[in-house]
Amino acid sequence: MKLLRNLDKSSRRNYFSYVLVTAAFLIVTFMNQGGMLNKKMQGLLVPVCCYIVMALSLNLTVGIMGELSLGHAGFMSLGAFTGVVVSQSLMGVIPNEPLRLLIAILCGAAVAAVGGFLIGLPVLRLRGDYLAIVTLAFGEIIMDIINCLIVGHDEKGVHIIFNFKGDKSIADLNLLEGGTAIIKGAQGAVGTKSISTFTGGFILILITLFIIINFVRSRTGRAVLAIRDNRIAAESVGVDVMKYKMIAFVISTTLAGAAGALYGLNFTGITAAKFNFNTSILVLVFVVLGGLGNLLGSIIAATVLYILPEALRQFADYRMLIYAVVLILVMLATNNPKVKNLFAKIIPVRRKGKGD
Amino acid sequence: MAMLEVNNINVYYGSIHAIRDISFEVNAGEIVTLIGANGAGKSTTLQTISGLLRSKTGSITFNGKDLGGVPAHKIVSMGIAHVPEGRRIFQQMTVEENIEMGAFTRPGSEYAERVENVFHHFPRLQERRKQIAGTLSGGEQQMLAMGRAMMSKPELLMLDEPSMGLSPILVDEIFDIIKAFHESGTTILLVEQNANKSLAISDRAYVLENGKVILTGTGRELMQSEEIKKAYLGG
Ligand SMILES: Nc1ncnc2c1ncn2[C@@H]1O[C@H](COP(=O)(O)OP(=O)(O)O)[C@@H](O)[C@H]1O
Ligand SMILES: [Mg+2]
């Protein structure tokens, strides 16, 4: 299909997203090398990248497809623990850390893709808000399952047991001499070799932006927008509703899995509880405040709202007050037409016929 | 063999038996109308043909091919276009983008000619090419839905109450366009409550009541039938 003129405005904003992300990356890298970031800020760099990817990918489901997902953190969790297991067990075979990170991210993404497909299969054919309910349940169930998981690695390979009764421990894996525990049930991943880098996060954001922007402009993306706009009309022109919703949803969960792997490999240990309902809601807040379907908005909202609570820790008493004020300001900035006009003047966009 | 053959279909919404043993046919080159009051089962019949609903019994064939089990999106590419009831357009897209979506199953070949053909029938849409479709008037939205359906180059065009809620002048305009589509070689299956207008342009018609076909004949025969005069033509 030929390129649609109506998308001009948003595509300009999308190009601006690439520029902004790259500029921010360069500035932060310089600041870091110049010693201008304290330890705490340095520690936030990779997680911020992860949450930006989470917000962007959730925006695909919520903003672009128009379906509510309340379990996005569950897919992040799948990616995180898959990534940790893959990286830890390949440590001997692939000593090169960036390469191992890449493989771990690809595996985490693949597992989250399968998870998204299995969730989507029964749910996306239904009309109504079933996706919200099922993803909510999925997020909780996946947490319980991982809490039961005991995984270790030795010369013979990866060993997994499900500790459903709660009577097993790492000793039951019977690891050979020199074997290591990777996931210890409710204690989560332990002793992980942290290999995630800020550069890796930056590249993942760029890839995510590239995938989503090109998706929206593709024939498939047009079909998804058409379904959101008017499902009956979309069916009447021959759009396979189930198929196109599935494609969008699986891309969304795949990217969440990639973000999860990057996140899981940024720490020496994480627990499944980290990816609970609150985390799903936090990401949803980034998306809603950044504006549905607005990728640049998701990036800004995720960055500001993730760093802010951490940066404000020193003002303990006023922390939540300032946080609330910033929430309101972000909302105004992304949704208020006046502020939007102000932004429009700063970021020139070609004006088009009425309605856009 | 007729182009479209509907044999003894029965369609249910849960326990509601909406279509009872309906059979009818549409021959290539005809305009056939289904008329009937609200709730008679006209829309349900069209949705069953286009694959959105399924019949429990019987069969539907199009050019000899059985449509049973064929998913809705494939039926469009087989040559049946359905303009659903109630102006289902893409509100947030421009007129041009709506028309482009009409070619979803058939992009590419002779795309420009098809667009030109739509604008030839609907010069008003051409003037409003860049306008967001949600801001069009009711009549223009109906025209857009019809133009969009023509973008798939259908052999059979099914129209569900295209004149609903439009002013008399616009109704005339819509019926003129239906005639023009027909003259350009498209077979038409029309659903209407406006029996007067639709019978006048129809080769044949079927009268539906409570999910059953109760009467059939040529457009002219039905216009003269006492029963129809009483029920649908206001005396
Ligand atoms: N989605 C639905 N759920 C349940 N019953 C329906 C539904 N749609 C239509 N019906 C019922 O099926 C019958 C036929 O409806 P319909 O085909 O829409 O009639 P028409 O188009 O002739 O006005 C009516 O009794 C109507 O109440
Ligand atoms: Mg109807």
# chains A, B, ... in the order shown; residues from 1 in each chain; ligands from 1
>>> interface_residues(of="chain B", to="chain A", cutoff="8 Å", atoms="only C-alpha atoms", output="PyMOL selection string")
chain B and resi 72-77+81-84+88-94+97+101-105+107-108+130-132+148-149+152
>>> residues_near_ligand(ligand="ligand 1", cutoff="6 Å", atoms="only C-alpha atoms and all ligand atoms", output="list of chain:residue names")
B:Tyr13, B:Ala18, B:Asn38, B:Gly39, B:Ala40, B:Gly41, B:Lys42, B:Ser43, B:Thr44
>>> write_last_selection(atoms="N, CA and C atoms", output="JSON list (two decimals), in the first residue's frame")
[["chain", "number", "residue", "atom", "x", "y", "z"],
["B", 13, "TYR", "N", -29.18, -17.00, 16.84],
["B", 13, "TYR", "CA", -28.38, -16.24, 17.81],
["B", 13, "TYR", "C", -28.62, -16.92, 19.14],
["B", 18, "ALA", "N", -33.33, -16.96, 14.12],
["B", 18, "ALA", "CA", -33.55, -15.72, 13.36],
["B", 18, "ALA", "C", -33.91, -15.99, 11.90],
["B", 38, "ASN", "N", -38.56, -4.32, 10.09],
["B", 38, "ASN", "CA", -37.48, -4.45, 11.07],
["B", 38, "ASN", "C", -37.53, -5.80, 11.74],
["B", 39, "GLY", "N", -36.38, -6.44, 11.84],
["B", 39, "GLY", "CA", -36.33, -7.72, 12.56],
["B", 39, "GLY", "C", -36.75, -8.91, 11.74],
["B", 40, "ALA", "N", -37.00, -8.72, 10.44],
["B", 40, "ALA", "CA", -37.45, -9.83, 9.61],
["B", 40, "ALA", "C", -36.32, -10.83, 9.35],
["B", 41, "GLY", "N", -35.08, -10.37, 9.45],
["B", 41, "GLY", "CA", -33.95, -11.28, 9.24],
["B", 41, "GLY", "C", -33.12, -10.91, 8.02],
["B", 42, "LYS", "N", -33.29, -9.71, 7.50],
["B", 42, "LYS", "CA", -32.58, -9.31, 6.27],
["B", 42, "LYS", "C", -31.07, -9.19, 6.52],
["B", 43, "SER", "N", -30.71, -8.45, 7.56],
["B", 43, "SER", "CA", -29.28, -8.27, 7.84],
["B", 43, "SER", "C", -28.62, -9.60, 8.19],
["B", 44, "THR", "N", -29.33, -10.42, 8.95],
["B", 44, "THR", "CA", -28.79, -11.72, 9.33],
["B", 44, "THR", "C", -28.48, -12.55, 8.08]]
>>> residues_around(residues="range 296-306 of chain A", least_positions_apart="2", cutoff="7 Å", atoms="only C-alpha atoms", output="PyMOL selection string")
chain A and resi 14+17+48+51-52+55-56+286-287+289-291+294+308-309+330+334
>>> residues_around(residues="Leu60 in chain A", least_positions_apart="5", cutoff="8 Å", atoms="only C-alpha atoms", output="PyMOL selection string")
chain A and resi 65+212+248-249+252+293
>>> write_last_selection(atoms="N, CA and C atoms", output="short mmCIF file (atom, residue, chain, number, x, y, z; two decimals), in the first residue's frame")
data_model
loop_
_atom_site.label_atom_id
_atom_site.label_comp_id
_atom_site.auth_asym_id
_atom_site.auth_seq_id
_atom_site.Cartn_x
_atom_site.Cartn_y
_atom_site.Cartn_z
N MET A 65 -3.48 -0.98 19.01
CA MET A 65 -4.49 -2.01 18.77
C MET A 65 -5.78 -1.70 19.53
N ILE A 212 8.17 -0.83 15.72
CA ILE A 212 6.79 -0.34 15.90
C ILE A 212 6.43 0.69 14.82
N ALA A 248 -0.07 -8.09 16.09
CA ALA A 248 0.27 -6.93 16.91
C ALA A 248 0.56 -7.35 18.34
N PHE A 249 -0.27 -8.23 18.88
CA PHE A 249 -0.10 -8.62 20.28
C PHE A 249 1.22 -9.39 20.48
N SER A 252 4.12 -7.14 20.49
CA SER A 252 4.15 -6.42 21.76
C SER A 252 4.76 -7.28 22.88
N GLY A 293 -0.87 5.63 21.63
CA GLY A 293 -0.39 5.68 20.25
C GLY A 293 0.76 6.65 20.04
#
>>> atom_distance(atom1="CA of Phe215 in chain A", atom2="CA of Thr22 in chain A")
20.9 Å
>>> select_by_dssp(residues="range 113-229 of chain B", states="helix (DSSP H, G or I)", output="PyMOL selection string")
chain B and resi 113-121+123-127+133-135+138-150+168-183+195-201+219-224+226-229
>>> select_by_dssp(residues="range 48-77 of chain B", states="strand (DSSP E or B)", output="VMD selection string")
chain B and resid 59 to 62 65 to 66
>>> write_last_selection(atoms="N, CA and C atoms", output="short mmCIF file (atom, residue, chain, number, x, y, z; two decimals), in the first residue's frame")
data_model
loop_
_atom_site.label_atom_id
_atom_site.label_comp_id
_atom_site.auth_asym_id
_atom_site.auth_seq_id
_atom_site.Cartn_x
_atom_site.Cartn_y
_atom_site.Cartn_z
N SER B 59 -27.08 -24.85 2.47
CA SER B 59 -25.82 -24.46 1.85
C SER B 59 -25.95 -23.11 1.17
N ILE B 60 -24.82 -22.48 0.97
CA ILE B 60 -24.75 -21.25 0.18
C ILE B 60 -23.65 -21.48 -0.85
N THR B 61 -23.96 -21.31 -2.13
CA THR B 61 -22.91 -21.44 -3.13
C THR B 61 -22.81 -20.16 -3.93
N PHE B 62 -21.58 -19.84 -4.32
CA PHE B 62 -21.31 -18.65 -5.12
C PHE B 62 -20.51 -19.11 -6.34
N LYS B 65 -19.25 -22.51 -6.05
CA LYS B 65 -18.38 -22.89 -4.93
C LYS B 65 -19.14 -22.78 -3.61
N ASP B 66 -18.96 -23.80 -2.78
CA ASP B 66 -19.64 -23.81 -1.49
C ASP B 66 -18.97 -22.81 -0.55
#
>>> atom_distance(atom1="CA of Ala110 in chain A", atom2="CA of Ser169 in chain A")
28.4 Å
>>> atom_distance(atom1="CA of Glu96 in chain B", atom2="CA of Ser198 in chain B")
29.3 Å
